[in-house]
>>> print(open('my_file.csv').read())   # CSV, C-alpha atoms and all ligand atoms
chain,number,residue,atom,x,y,z
A,1,MET,CA,-45.2,11.0,-114.2
A,2,ASN,CA,-47.4,8.4,-115.9
A,3,ILE,CA,-45.4,5.9,-118.0
A,4,GLN,CA,-47.2,3.9,-120.6
A,5,LYS,CA,-45.9,0.9,-122.6
A,6,ASN,CA,-46.0,0.2,-126.4
A,7,HIS,CA,-47.8,3.5,-127.0
A,8,SER,CA,-48.8,4.5,-130.5
A,9,LEU,CA,-47.1,7.7,-131.8
A,10,LYS,CA,-49.5,8.2,-134.8
A,11,LYS,CA,-51.1,11.2,-133.1
A,12,TYR,CA,-47.7,12.6,-132.1
A,13,ASN,CA,-46.1,12.9,-135.5
A,14,SER,CA,-47.3,15.3,-138.3
A,15,PHE,CA,-46.6,12.6,-141.0
A,16,SER,CA,-49.3,10.5,-139.1
A,17,VAL,CA,-47.1,7.5,-139.5
A,18,GLU,CA,-48.2,4.5,-137.4
A,19,THR,CA,-45.3,3.7,-135.1
A,20,LYS,CA,-45.0,2.6,-131.4
A,21,SER,CA,-42.7,3.7,-128.6
A,22,ARG,CA,-41.7,1.1,-126.1
A,23,TYR,CA,-42.3,3.6,-123.3
A,24,PHE,CA,-44.2,6.9,-123.4
A,25,CYS,CA,-44.8,9.8,-121.0
A,26,GLN,CA,-45.9,13.4,-121.0
A,27,ILE,CA,-43.8,16.1,-119.2
A,28,ALA,CA,-45.8,18.9,-117.8
A,29,SER,CA,-43.7,20.2,-114.9
A,30,ASN,CA,-40.2,20.5,-113.5
A,31,ASP,CA,-41.0,17.5,-111.2
A,32,HIS,CA,-41.8,15.4,-114.3
A,33,ILE,CA,-38.4,16.4,-115.8
A,34,ASP,CA,-36.6,15.3,-112.6
A,35,ALA,CA,-38.5,12.0,-112.6
A,36,LEU,CA,-37.7,11.5,-116.3
A,37,LEU,CA,-34.0,12.0,-115.7
A,38,GLU,CA,-34.1,9.5,-112.8
A,39,TRP,CA,-36.0,7.0,-114.9
A,40,ARG,CA,-33.5,7.4,-117.7
A,41,GLN,CA,-30.5,6.9,-115.4
A,42,GLN,CA,-32.0,3.7,-114.0
A,43,SER,CA,-33.3,2.2,-117.2
A,44,ARG,CA,-30.3,3.3,-119.4
A,45,LEU,CA,-32.7,3.2,-122.4
A,46,PRO,CA,-32.6,5.8,-125.1
A,47,LEU,CA,-34.7,8.9,-124.7
A,48,LEU,CA,-36.6,10.8,-127.4
A,49,LEU,CA,-37.9,14.3,-126.6
A,50,LEU,CA,-40.9,15.2,-128.7
A,51,GLY,CA,-42.7,18.5,-129.1
A,52,GLY,CA,-45.4,18.6,-131.8
A,53,GLY,CA,-43.7,15.8,-133.9
A,54,SER,CA,-43.7,18.1,-136.9
A,55,ASN,CA,-40.1,17.7,-137.8
A,56,ILE,CA,-39.6,14.0,-137.5
A,57,LEU,CA,-40.0,10.8,-139.5
A,58,PHE,CA,-40.3,7.5,-137.8
A,59,ILE,CA,-39.1,4.7,-140.0
A,60,ASN,CA,-39.8,2.1,-137.4
A,61,ASP,CA,-40.8,1.6,-133.7
A,62,TYR,CA,-38.9,3.5,-131.1
A,63,GLN,CA,-37.2,1.2,-128.6
A,64,GLY,CA,-36.8,3.7,-125.7
A,65,MET,CA,-38.8,6.3,-123.9
A,66,THR,CA,-40.6,9.0,-125.9
A,67,ALA,CA,-41.3,12.0,-123.7
A,68,VAL,CA,-43.7,14.6,-125.0
A,69,ILE,CA,-43.0,18.1,-123.6
A,70,LYS,CA,-46.2,19.8,-122.4
A,71,THR,CA,-44.9,22.5,-120.0
A,72,LYS,CA,-46.8,25.8,-120.3
A,73,GLY,CA,-46.3,29.5,-119.5
A,74,ILE,CA,-45.7,32.8,-121.2
A,75,VAL,CA,-44.4,35.7,-119.1
A,76,ILE,CA,-42.7,39.1,-119.6
A,77,VAL,CA,-39.5,38.9,-117.6
A,78,ASN,CA,-37.8,42.2,-118.3
A,79,GLU,CA,-37.9,45.5,-120.2
A,80,ASP,CA,-35.4,48.1,-121.2
A,81,SER,CA,-35.5,51.1,-123.5
A,82,ASN,CA,-35.0,49.0,-126.6
A,83,TYR,CA,-36.6,45.7,-125.9
A,84,THR,CA,-39.3,43.7,-124.0
A,85,TYR,CA,-38.1,40.3,-123.0
A,86,ILE,CA,-40.7,37.5,-123.1
A,87,LYS,CA,-40.2,34.0,-121.8
A,88,ALA,CA,-42.1,31.0,-123.0
A,89,SER,CA,-42.1,27.4,-121.8
A,90,ALA,CA,-41.0,24.6,-124.1
A,91,GLY,CA,-44.4,22.9,-124.4
A,92,GLU,CA,-46.2,26.0,-125.6
A,93,ASN,CA,-47.5,25.7,-129.2
A,94,TRP,CA,-45.2,27.9,-131.3
A,95,HIS,CA,-47.9,29.6,-133.4
A,96,GLN,CA,-50.0,30.3,-130.3
A,97,PHE,CA,-46.9,32.0,-128.8
A,98,VAL,CA,-46.4,34.1,-131.9
A,99,ARG,CA,-50.1,35.1,-131.8
A,100,TRP,CA,-49.8,35.9,-128.1
A,101,THR,CA,-47.0,38.4,-128.9
A,102,VAL,CA,-48.8,39.8,-131.9
A,103,GLU,CA,-52.1,40.3,-130.0
A,104,ASN,CA,-50.4,41.9,-127.1
A,105,GLY,CA,-48.5,44.4,-129.3
A,106,TYR,CA,-45.1,42.9,-129.3
A,107,ALA,CA,-43.1,42.7,-132.5
A,108,GLY,CA,-40.4,40.3,-133.7
A,109,LEU,CA,-42.1,36.9,-134.2
A,110,GLU,CA,-44.7,37.9,-136.8
A,111,ASN,CA,-42.8,36.5,-139.8
A,112,LEU,CA,-42.6,33.1,-138.0
A,113,SER,CA,-46.4,32.7,-137.8
A,114,LEU,CA,-48.0,29.4,-138.4
A,115,ILE,CA,-44.9,27.3,-138.1
A,116,PRO,CA,-46.1,24.0,-136.5
A,117,GLY,CA,-44.6,22.6,-133.4
A,118,THR,CA,-43.5,23.8,-130.0
A,119,VAL,CA,-41.4,26.5,-128.5
A,120,GLY,CA,-38.9,24.0,-127.1
A,121,ALA,CA,-38.1,22.6,-130.5
A,122,ALA,CA,-37.7,26.0,-132.3
A,123,PRO,CA,-34.0,26.5,-131.3
A,124,MET,CA,-33.1,22.9,-132.5
A,125,GLN,CA,-33.1,23.8,-136.1
A,126,ASN,CA,-33.3,27.6,-135.7
A,127,ILE,CA,-36.7,27.7,-137.3
A,128,GLY,CA,-37.1,30.3,-140.0
A,129,ALA,CA,-39.5,31.7,-142.6
A,130,TYR,CA,-40.1,34.8,-144.7
A,131,GLY,CA,-36.7,36.3,-144.1
A,132,VAL,CA,-36.6,35.8,-140.3
A,133,GLU,CA,-35.0,33.1,-138.1
A,134,LEU,CA,-35.3,32.4,-134.4
A,135,ALA,CA,-31.7,33.5,-134.1
A,136,ASP,CA,-32.8,37.1,-135.0
A,137,VAL,CA,-35.1,37.3,-131.9
A,138,LEU,CA,-33.8,34.9,-129.3
A,139,TYR,CA,-32.2,36.5,-126.3
A,140,GLU,CA,-31.4,33.3,-124.3
A,141,LEU,CA,-32.7,29.9,-123.4
A,142,GLU,CA,-32.8,27.6,-120.5
A,143,ALA,CA,-31.9,23.9,-120.9
A,144,VAL,CA,-31.4,20.9,-118.6
A,145,GLU,CA,-28.4,18.7,-119.2
A,146,LEU,CA,-29.8,15.2,-119.4
A,147,SER,CA,-26.8,13.4,-118.0
A,148,THR,CA,-26.4,15.6,-114.9
A,149,GLY,CA,-29.8,17.3,-114.4
A,150,LYS,CA,-28.0,20.7,-114.3
A,151,ARG,CA,-29.9,23.7,-115.5
A,152,LYS,CA,-28.0,26.0,-117.8
A,153,ILE,CA,-28.7,29.4,-119.5
A,154,PHE,CA,-27.4,29.6,-123.1
A,155,SER,CA,-27.0,33.1,-124.6
A,156,GLN,CA,-28.0,33.6,-128.2
A,157,GLN,CA,-24.3,33.4,-129.2
A,158,GLU,CA,-23.8,30.1,-127.3
A,159,CYS,CA,-26.7,28.5,-129.3
A,160,LEU,CA,-24.4,28.6,-132.4
A,161,PHE,CA,-27.3,29.2,-134.7
A,162,HIS,CA,-26.9,28.7,-138.5
A,163,TYR,CA,-29.3,27.9,-141.3
A,164,ARG,CA,-31.6,25.2,-139.9
A,165,ASP,CA,-28.9,24.4,-137.4
A,166,SER,CA,-27.8,25.0,-133.8
A,167,PHE,CA,-25.5,23.9,-131.0
A,168,PHE,CA,-28.2,21.5,-129.8
A,169,LYS,CA,-28.5,19.9,-133.2
A,170,ALA,CA,-24.9,19.9,-134.4
A,171,ASN,CA,-22.8,19.8,-131.3
A,172,ALA,CA,-24.8,18.5,-128.4
A,173,PHE,CA,-27.4,16.4,-130.1
A,174,GLY,CA,-29.6,14.5,-127.5
A,175,GLN,CA,-27.8,16.1,-124.6
A,176,TYR,CA,-30.2,18.8,-123.5
A,177,LEU,CA,-33.9,19.3,-122.8
A,178,ILE,CA,-34.8,22.9,-123.7
A,179,GLN,CA,-37.0,24.1,-121.0
A,180,SER,CA,-37.8,27.6,-122.1
A,181,ILE,CA,-36.8,30.4,-124.4
A,182,THR,CA,-36.6,34.2,-123.9
A,183,ILE,CA,-37.1,36.4,-126.9
A,184,LYS,CA,-36.4,40.1,-127.2
A,185,SER,CA,-39.1,42.1,-128.8
A,186,PRO,CA,-37.9,45.4,-130.3
A,187,LYS,CA,-39.7,48.6,-129.3
A,188,LYS,CA,-38.8,50.1,-132.7
A,189,PRO,CA,-39.3,47.2,-135.0
A,190,GLN,CA,-37.9,47.1,-138.5
A,191,TRP,CA,-40.5,45.1,-140.5
A,192,LYS,CA,-39.2,42.5,-142.9
A,193,ILE,CA,-41.7,42.4,-145.7
A,194,GLU,CA,-39.4,42.0,-148.8
A,195,TYR,CA,-39.6,38.2,-148.9
A,196,SER,CA,-41.6,36.7,-151.7
A,197,GLY,CA,-45.2,37.8,-151.7
A,198,VAL,CA,-45.4,39.5,-148.3
A,199,LYS,CA,-45.3,43.1,-149.5
A,200,GLU,CA,-47.8,42.4,-152.3
A,201,SER,CA,-50.2,40.7,-149.9
A,202,LEU,CA,-50.2,43.5,-147.4
A,203,LYS,CA,-51.5,45.8,-150.2
A,204,ALA,CA,-52.7,49.1,-148.7
A,205,GLN,CA,-52.9,47.9,-145.1
A,206,ILE,CA,-51.0,49.6,-142.3
A,207,ILE,CA,-47.8,47.7,-141.6
A,208,ASN,CA,-47.6,46.2,-138.2
A,209,ALA,CA,-47.0,42.9,-136.5
A,210,GLU,CA,-50.7,41.9,-136.8
A,211,THR,CA,-51.0,42.6,-140.5
A,212,ILE,CA,-47.7,41.0,-141.3
A,213,SER,CA,-48.7,37.9,-139.3
A,214,ASN,CA,-52.1,37.7,-141.0
A,215,SER,CA,-50.5,38.0,-144.4
A,216,ILE,CA,-48.0,35.3,-143.7
A,217,ILE,CA,-50.7,33.0,-142.3
A,218,ALA,CA,-52.7,33.4,-145.6
A,219,LEU,CA,-49.6,32.9,-147.7
A,220,ARG,CA,-48.6,29.8,-145.9
A,221,GLN,CA,-52.1,28.4,-146.0
A,222,SER,CA,-52.2,28.9,-149.8
A,223,LYS,CA,-48.9,27.0,-150.3
A,224,LEU,CA,-48.4,24.4,-147.6
A,225,PRO,CA,-50.5,21.4,-146.8
A,226,ASP,CA,-52.2,21.3,-143.3
A,227,PRO,CA,-50.8,18.3,-141.5
A,228,VAL,CA,-54.2,17.7,-140.0
A,229,VAL,CA,-55.6,17.1,-143.5
A,230,ILE,CA,-52.6,15.5,-145.1
A,231,GLY,CA,-49.6,14.2,-143.2
A,232,ASN,CA,-46.3,16.0,-143.8
A,233,ALA,CA,-43.3,17.6,-142.0
A,234,GLY,CA,-43.0,20.8,-144.0
A,235,SER,CA,-39.8,21.1,-146.1
A,236,PHE,CA,-38.2,17.7,-146.2
A,237,PHE,CA,-34.9,19.0,-147.6
A,238,LYS,CA,-32.7,21.9,-146.8
A,239,ASN,CA,-31.9,24.4,-149.5
A,240,PRO,CA,-28.3,23.5,-150.5
A,241,LEU,CA,-25.4,25.9,-150.0
A,242,LEU,CA,-23.1,25.9,-153.0
A,243,SER,CA,-19.6,27.2,-153.6
A,244,GLN,CA,-19.5,30.2,-156.0
A,245,SER,CA,-17.8,28.0,-158.7
A,246,LYS,CA,-20.4,25.3,-158.4
A,247,TRP,CA,-23.2,27.8,-158.5
A,248,GLN,CA,-21.7,29.7,-161.5
A,249,ALA,CA,-21.2,26.4,-163.5
A,250,LEU,CA,-24.8,25.3,-162.8
A,251,LYS,CA,-26.2,28.8,-163.6
A,252,GLU,CA,-24.6,28.7,-167.0
A,253,LEU,CA,-26.4,25.4,-167.8
A,254,HIS,CA,-29.6,26.4,-166.0
A,255,PRO,CA,-30.3,30.2,-166.2
A,256,ASP,CA,-33.4,29.8,-164.0
A,257,LEU,CA,-31.4,28.6,-161.1
A,258,SER,CA,-31.9,31.0,-158.1
A,259,GLY,CA,-29.0,32.0,-155.8
A,260,TYR,CA,-29.1,33.9,-152.5
A,261,PRO,CA,-25.6,35.0,-151.3
A,262,GLN,CA,-24.7,33.7,-147.8
A,263,ALA,CA,-21.8,34.0,-145.4
A,264,ASP,CA,-18.4,32.5,-146.5
A,265,GLU,CA,-19.2,33.3,-150.1
A,266,LEU,CA,-21.7,30.5,-150.4
A,267,MET,CA,-24.8,30.6,-152.5
A,268,LYS,CA,-28.1,29.2,-151.2
A,269,THR,CA,-30.2,27.7,-154.0
A,270,SER,CA,-33.7,26.4,-154.1
A,271,ALA,CA,-34.1,22.6,-153.3
A,272,ALA,CA,-37.7,22.9,-154.5
A,273,TRP,CA,-36.6,24.0,-157.9
A,274,LEU,CA,-34.0,21.2,-158.2
A,275,ILE,CA,-36.6,18.6,-157.2
A,276,ASP,CA,-39.2,20.1,-159.6
A,277,GLN,CA,-36.7,19.9,-162.5
A,278,CYS,CA,-36.4,16.2,-161.8
A,279,GLY,CA,-40.1,15.9,-162.3
A,280,TRP,CA,-41.0,15.0,-158.7
A,281,LYS,CA,-43.7,17.6,-158.0
A,282,GLY,CA,-47.1,15.9,-157.4
A,283,LYS,CA,-45.6,12.4,-157.9
A,284,ARG,CA,-46.9,9.5,-155.8
A,285,LYS,CA,-45.6,6.1,-155.0
A,286,GLY,CA,-48.3,4.1,-153.1
A,287,ASN,CA,-49.4,6.3,-150.2
A,288,ALA,CA,-46.3,8.4,-150.1
A,289,GLY,CA,-45.7,11.3,-152.4
A,290,VAL,CA,-44.5,14.8,-153.2
A,291,TYR,CA,-47.1,17.6,-152.6
A,292,LYS,CA,-48.6,18.9,-155.8
A,293,LYS,CA,-48.1,22.6,-154.9
A,294,HIS,CA,-44.6,22.3,-153.3
A,295,ALA,CA,-41.8,20.0,-154.4
A,296,LEU,CA,-40.0,20.3,-151.0
A,297,VAL,CA,-42.9,18.7,-149.1
A,298,LEU,CA,-43.3,15.0,-148.8
A,299,VAL,CA,-46.8,13.8,-147.9
A,300,ASN,CA,-48.6,10.8,-146.5
A,301,HIS,CA,-51.6,10.3,-148.7
A,302,GLY,CA,-53.1,7.8,-146.4
A,303,ASP,CA,-51.5,5.0,-144.5
A,304,ALA,CA,-47.9,5.4,-145.8
A,305,SER,CA,-45.3,3.8,-143.6
A,306,GLY,CA,-42.2,5.7,-142.6
A,307,GLU,CA,-40.2,3.3,-144.8
A,308,GLU,CA,-42.3,4.3,-147.9
A,309,ILE,CA,-41.8,8.0,-147.2
A,310,TRP,CA,-38.0,7.4,-146.6
A,311,LYS,CA,-37.8,5.5,-149.8
A,312,ILE,CA,-39.3,8.3,-151.9
A,313,ALA,CA,-36.9,10.8,-150.1
A,314,ASN,CA,-33.9,8.7,-151.1
A,315,ASP,CA,-35.2,8.4,-154.7
A,316,ILE,CA,-35.4,12.2,-154.8
A,317,ILE,CA,-31.9,12.6,-153.3
A,318,ASN,CA,-30.5,10.3,-156.0
A,319,SER,CA,-32.2,11.9,-158.9
A,320,VAL,CA,-31.1,15.4,-157.9
A,321,ASN,CA,-27.6,14.2,-157.4
A,322,ASP,CA,-27.6,12.5,-160.8
A,323,LYS,CA,-28.9,15.6,-162.6
A,324,PHE,CA,-27.2,18.4,-160.8
A,325,GLY,CA,-24.4,16.8,-158.7
A,326,ILE,CA,-25.9,18.2,-155.5
A,327,LYS,CA,-26.6,15.9,-152.5
A,328,LEU,CA,-29.7,17.2,-150.8
A,329,GLU,CA,-29.7,17.1,-147.0
A,330,VAL,CA,-32.8,16.0,-145.1
A,331,GLU,CA,-34.3,18.6,-142.7
A,332,PRO,CA,-36.4,16.5,-140.3
A,333,ARG,CA,-35.0,14.1,-137.7
A,334,VAL,CA,-35.2,10.5,-139.0
A,335,ILE,CA,-35.8,7.8,-136.4
A,336,ASN,CA,-34.5,4.5,-137.5
A,337,CYS,CA,-34.0,2.2,-134.5
B,1,LIG,C1,-46.6,22.2,-142.6
B,1,LIG,C2,-45.3,22.4,-142.0
B,1,LIG,C3,-44.6,23.6,-142.2
B,1,LIG,C4,-43.4,23.9,-141.6
B,1,LIG,N1,-42.7,25.1,-141.9
B,1,LIG,C5,-41.5,25.4,-141.3
B,1,LIG,C6,-40.9,26.6,-141.6
B,1,LIG,O1,-41.4,27.5,-142.3
B,1,LIG,N2,-39.7,26.8,-141.0
B,1,LIG,C7,-39.1,25.9,-140.2
B,1,LIG,O2,-38.0,26.2,-139.7
B,1,LIG,N3,-39.7,24.7,-140.0
B,1,LIG,C8,-40.9,24.4,-140.5
B,1,LIG,N4,-41.5,23.2,-140.2
B,1,LIG,C9,-40.8,22.2,-139.4
B,1,LIG,C10,-41.3,22.3,-137.9
B,1,LIG,O3,-42.5,23.0,-137.8
B,1,LIG,C11,-40.2,22.9,-137.0
B,1,LIG,O4,-39.0,22.3,-137.1
B,1,LIG,C12,-40.7,22.9,-135.5
B,1,LIG,O5,-39.7,23.7,-134.8
B,1,LIG,C13,-40.7,21.5,-135.0
B,1,LIG,O6,-41.3,21.6,-133.7
B,1,LIG,P1,-41.9,20.3,-133.0
B,1,LIG,O7,-42.3,20.7,-131.6
B,1,LIG,O8,-42.9,19.7,-133.8
B,1,LIG,O9,-40.6,19.4,-133.0
B,1,LIG,P2,-40.5,17.8,-133.0
B,1,LIG,O10,-40.7,17.3,-134.4
B,1,LIG,O11,-41.3,17.2,-131.9
B,1,LIG,O12,-38.9,17.6,-132.6
B,1,LIG,C14,-38.0,18.1,-133.5
B,1,LIG,C15,-36.6,17.9,-132.9
B,1,LIG,O13,-36.5,18.7,-131.7
B,1,LIG,C16,-36.2,17.9,-130.6
B,1,LIG,N5,-37.0,18.5,-129.4
B,1,LIG,C17,-38.3,18.7,-129.4
B,1,LIG,N6,-38.6,19.4,-128.2
B,1,LIG,C18,-37.4,19.5,-127.6
B,1,LIG,C19,-37.0,20.1,-126.3
B,1,LIG,N7,-37.9,20.7,-125.5
B,1,LIG,N8,-35.7,20.1,-125.9
B,1,LIG,C20,-34.8,19.5,-126.7
B,1,LIG,N9,-35.1,18.9,-127.9
B,1,LIG,C21,-36.4,18.9,-128.3
B,1,LIG,C22,-36.7,16.5,-130.9
B,1,LIG,O14,-36.0,15.5,-130.2
B,1,LIG,C23,-36.3,16.4,-132.4
B,1,LIG,O15,-35.0,16.1,-132.6
B,1,LIG,C24,-42.7,22.9,-140.8
B,1,LIG,C25,-43.4,21.7,-140.5
B,1,LIG,C26,-44.7,21.5,-141.1
B,1,LIG,C27,-45.4,20.2,-140.8
>>> encode(input="my_file.csv", output="structure tokens")
Amino acid sequence: MNIQKNHSLKKYNSFSVETKSRYFCQIASNDHIDALLEWRQQSRLPLLLLGGGSNILFINDYQGMTAVIKTKGIVIVNEDSNYTYIKASAGENWHQFVRWTVENGYAGLENLSLIPGTVGAAPMQNIGAYGVELADVLYELEAVELSTGKRKIFSQQECLFHYRDSFFKANAFGQYLIQSITIKSPKKPQWKIEYSGVKESLKAQIINAETISNSIIALRQSKLPDPVVIGNAGSFFKNPLLSQSKWQALKELHPDLSGYPQADELMKTSAAWLIDQCGWKGKRKGNAGVYKKHALVLVNHGDASGEEIWKIANDIINSVNDKFGIKLEVEPRVINC
């Protein structure tokens, strides 16, 4: 394992924010993981695991070790009459994994096409899009406990998945390195195409994993900025979950407010709509701004610092709170050493 000092992370975060890590390494094997854990025990410095850096905002330099996970491998591990079980290593690119399943005739991941990042980070916030979440397809995952080096298998239920949340984010934050995930691909898939625009874009095509994946890729490309062209981390805010009474009261005042019933009688509403109503869509402050086509996406127009992006995020939180009495929650991890 090659450790570098004061390494730039600009290439390793999708906001393209210039920031440095005091120590930096890449993890490409189990031996590297063991070496990393040993280094951590000796140095007692904080450790930041990084996949594609597409769900993170660096406000300043990181004073510990940043370890970028690069382990590779996709393999079919089991099959029964209902499912095929496919295991992927943490460092695999998520979208390439999705396309591998689609191109090899396995269903289940097609709605999650073109989400940036890696396989290992996907369980952290239970990635989701177009009516499907990782929780719907994950069978189990393997993780290493950072303090002991012990390998543990977590069943789907043990991952405690919720909307953009999991055991690893909410209960055991920073305690595990996710090594691999195993998904179960149904042999008799039930396609999910009701979500906004998917059915329409499929038109007269035969419905299968490939056509759904292609439609979702096209839809995403039409709405979301490509981080290679303009720095961003996708949705910067979670869609708020409101009590029925709060939602009803707001709906009376704002008939356009959307509401999607959730568990525990909560209503999920659109953070993008709330932000748009406060006039933020397309606004710019210096090099940081809100994407012109999507109010949920904060962008780096050039050389914005993490602080500039964080400032605009907080201005948005305050204006939505002032107008609607809703405190938006941030989706990406914010590193503020
Ligand atoms: C244009 C764009 C569109 C997006 N669209 C969506 C979307 O539709 N749905 C969605 O859910 N998300 C979306 N995202 C957010 C992002 O793609 C996902 O959260 C993705 O899973 C992040 O993966 P990553 O490898 O880049 O994670 P990183 O940003 O590298 O890390 C995210 C978190 O996971 C931790 N982590 C990373 N790897 C590991 C590991 N192996 N073990 C333990 N912890 C780890 C990190 O420490 C950090 O806390 C989007 C982002 C962008 C830029």
>>> residues_near_ligand(input="my_file.csv", ligand="ligand LIG 1 (chain B)", cutoff="6 Å", atoms="all atoms listed in the file", output="MDAnalysis selection string")
chainID A and resid 14 48:56 90 115:118 120:122 124 127:129 176:179 224:227 232:234 333
>>> residues_around(input="my_file.csv", residues="A:Leu9", least_positions_apart="3", cutoff="9 Å", atoms="all atoms listed in the file", output="compact mmCIF listing (two decimals) with C-alpha atoms, in the frame of the given file")
# COMPACT_ATOMS: atom_id res chain seq x y z
CA TYR A 12 -47.70 12.60 -132.10
CA ASN A 13 -46.10 12.90 -135.50
CA SER A 16 -49.30 10.50 -139.10
CA VAL A 17 -47.10 7.50 -139.50
CA GLU A 18 -48.20 4.50 -137.40
CA THR A 19 -45.30 3.70 -135.10
CA LYS A 20 -45.00 2.60 -131.40
CA SER A 21 -42.70 3.70 -128.60
CA PHE A 24 -44.20 6.90 -123.40
CA ASP A 61 -40.80 1.60 -133.70
CA THR A 66 -40.60 9.00 -125.90
>>> residues_near_point(input="my_file.csv", point="(-32.2, 31.8, -155.6)", cutoff="6 Å", atoms="all atoms listed in the file", output="list in words")
Ser258, Gly259, Tyr260, Thr269 and Ser270 of chain A
>>> residues_around(input="my_file.csv", residues="stretch 243-249 of chain A", least_positions_apart="3", cutoff="12 Å", atoms="all atoms listed in the file", output="list of chain:residue names")
A:Pro240, A:Glu252, A:Leu253, A:His254, A:Pro255, A:Asp256, A:Leu257, A:Ser258, A:Gly259, A:Tyr260, A:Pro261, A:Gln262, A:Ala263, A:Asp264, A:Glu265, A:Leu266, A:Met267, A:Lys268, A:Thr269, A:Ser270, A:Phe324, A:Gly325, A:Ile326
>>> closest_residue(input="my_file.csv", among="A:Glu158, A:Tyr195, A:Ser180, A:Tyr106", to="A:Glu142", atoms="only C-alpha atoms")
A:Ser180
>>> closest_residue(input="my_file.csv", among="A:Leu160, A:Leu109, A:Leu57, A:Ile153", to="A:Ala313", atoms="all atoms listed in the file")
A:Leu57
>>> closest_atom_pairs(input="my_file.csv", of="stretch 59-169 of chain A", to="stretch 26-47 of chain A", cutoff="12 Å", atoms="only C-alpha atoms", output="Markdown table")
| residue | atom | partner | partner_atom | distance |
| --- | --- | --- | --- | --- |
| A:Tyr62 | CA | A:Pro46 | CA | 9.0 |
| A:Gln63 | CA | A:Pro46 | CA | 7.4 |
| A:Gly64 | CA | A:Pro46 | CA | 4.7 |
| A:Met65 | CA | A:Leu47 | CA | 4.9 |
| A:Thr66 | CA | A:Leu47 | CA | 6.0 |
| A:Ala67 | CA | A:Gln26 | CA | 5.5 |
| A:Val68 | CA | A:Gln26 | CA | 4.7 |
| A:Ile69 | CA | A:Ile27 | CA | 4.9 |
| A:Lys70 | CA | A:Ala28 | CA | 4.7 |
| A:Thr71 | CA | A:Ala28 | CA | 4.3 |
| A:Lys72 | CA | A:Ala28 | CA | 7.4 |
| A:Gly73 | CA | A:Ser29 | CA | 10.7 |
| A:Ser89 | CA | A:Ala28 | CA | 10.1 |
| A:Ala90 | CA | A:Ala28 | CA | 9.8 |
| A:Gly91 | CA | A:Ala28 | CA | 7.8 |
| A:Glu92 | CA | A:Ala28 | CA | 10.6 |
| A:Ala143 | CA | A:Ile33 | CA | 11.2 |
| A:Val144 | CA | A:Ile33 | CA | 8.8 |
| A:Glu145 | CA | A:Leu37 | CA | 9.4 |
| A:Leu146 | CA | A:Leu37 | CA | 6.4 |
| A:Ser147 | CA | A:Leu37 | CA | 7.7 |
| A:Thr148 | CA | A:Leu37 | CA | 8.4 |
| A:Gly149 | CA | A:Leu37 | CA | 6.9 |
| A:Lys150 | CA | A:Asp34 | CA | 10.3 |
| A:Arg151 | CA | A:Asn30 | CA | 11.0 |
>>> residues_around(input="my_file.csv", residues="A:Ser185", least_positions_apart="3", cutoff="12 Å", atoms="all atoms listed in the file", output="ChimeraX atom specification")
/A:76-87,98,101-102,104-110,134,136-139,182,188-190,209
>>> closest_residue(input="my_file.csv", among="A:Ser235, A:Ser113, A:Phe154, A:Asn60", to="A:Asn214", atoms="only C-alpha atoms")
A:Ser113
>>> residues_around(input="my_file.csv", residues="A:Arg284", least_positions_apart="2", cutoff="10 Å", atoms="all atoms listed in the file", output="ChimeraX atom specification")
/A:280-282,286-292,298-301,312
>>> atom_distance(input="my_file.csv", atom1="atom CA of A:Glu307", atom2="atom CA of A:Ile59")
5.1 Å
>>> atom_distance(input="my_file.csv", atom1="atom CA of A:Ala170", atom2="atom CA of A:Gly306")
23.8 Å
>>> residues_around(input="my_file.csv", residues="A:Leu328", least_positions_apart="5", cutoff="7 Å", atoms="all atoms listed in the file", output="MDAnalysis selection string")
chainID A and resid 237:238 240 317
>>> write_last_selection(input="my_file.csv", atoms="C-alpha atoms", output="PDB file, in the coordinates of the input")
ATOM      1  CA  PHE A 237     -34.900  19.000-147.600  1.00  0.00           C
ATOM      2  CA  LYS A 238     -32.700  21.900-146.800  1.00  0.00           C
ATOM      3  CA  PRO A 240     -28.300  23.500-150.500  1.00  0.00           C
ATOM      4  CA  ILE A 317     -31.900  12.600-153.300  1.00  0.00           C
TER       5      ILE A 317
END
>>> closest_residue(input="my_file.csv", among="A:Leu274, A:Ile217, A:Ile181, A:Ile212", to="A:Ala88", atoms="only C-alpha atoms")
A:Ile181
>>> closest_residue(input="my_file.csv", among="A:Lys327, A:Arg164, A:Lys203, A:Lys10", to="A:Val132", atoms="only C-alpha atoms")
A:Arg164
>>> atom_distance(input="my_file.csv", atom1="atom CA of A:Asn321", atom2="atom CA of A:Ile275")
10.0 Å
>>> closest_residue(input="my_file.csv", among="A:Trp310, A:Tyr163, A:Trp100, A:Phe173", to="A:Asn126", atoms="all atoms listed in the file")
A:Tyr163
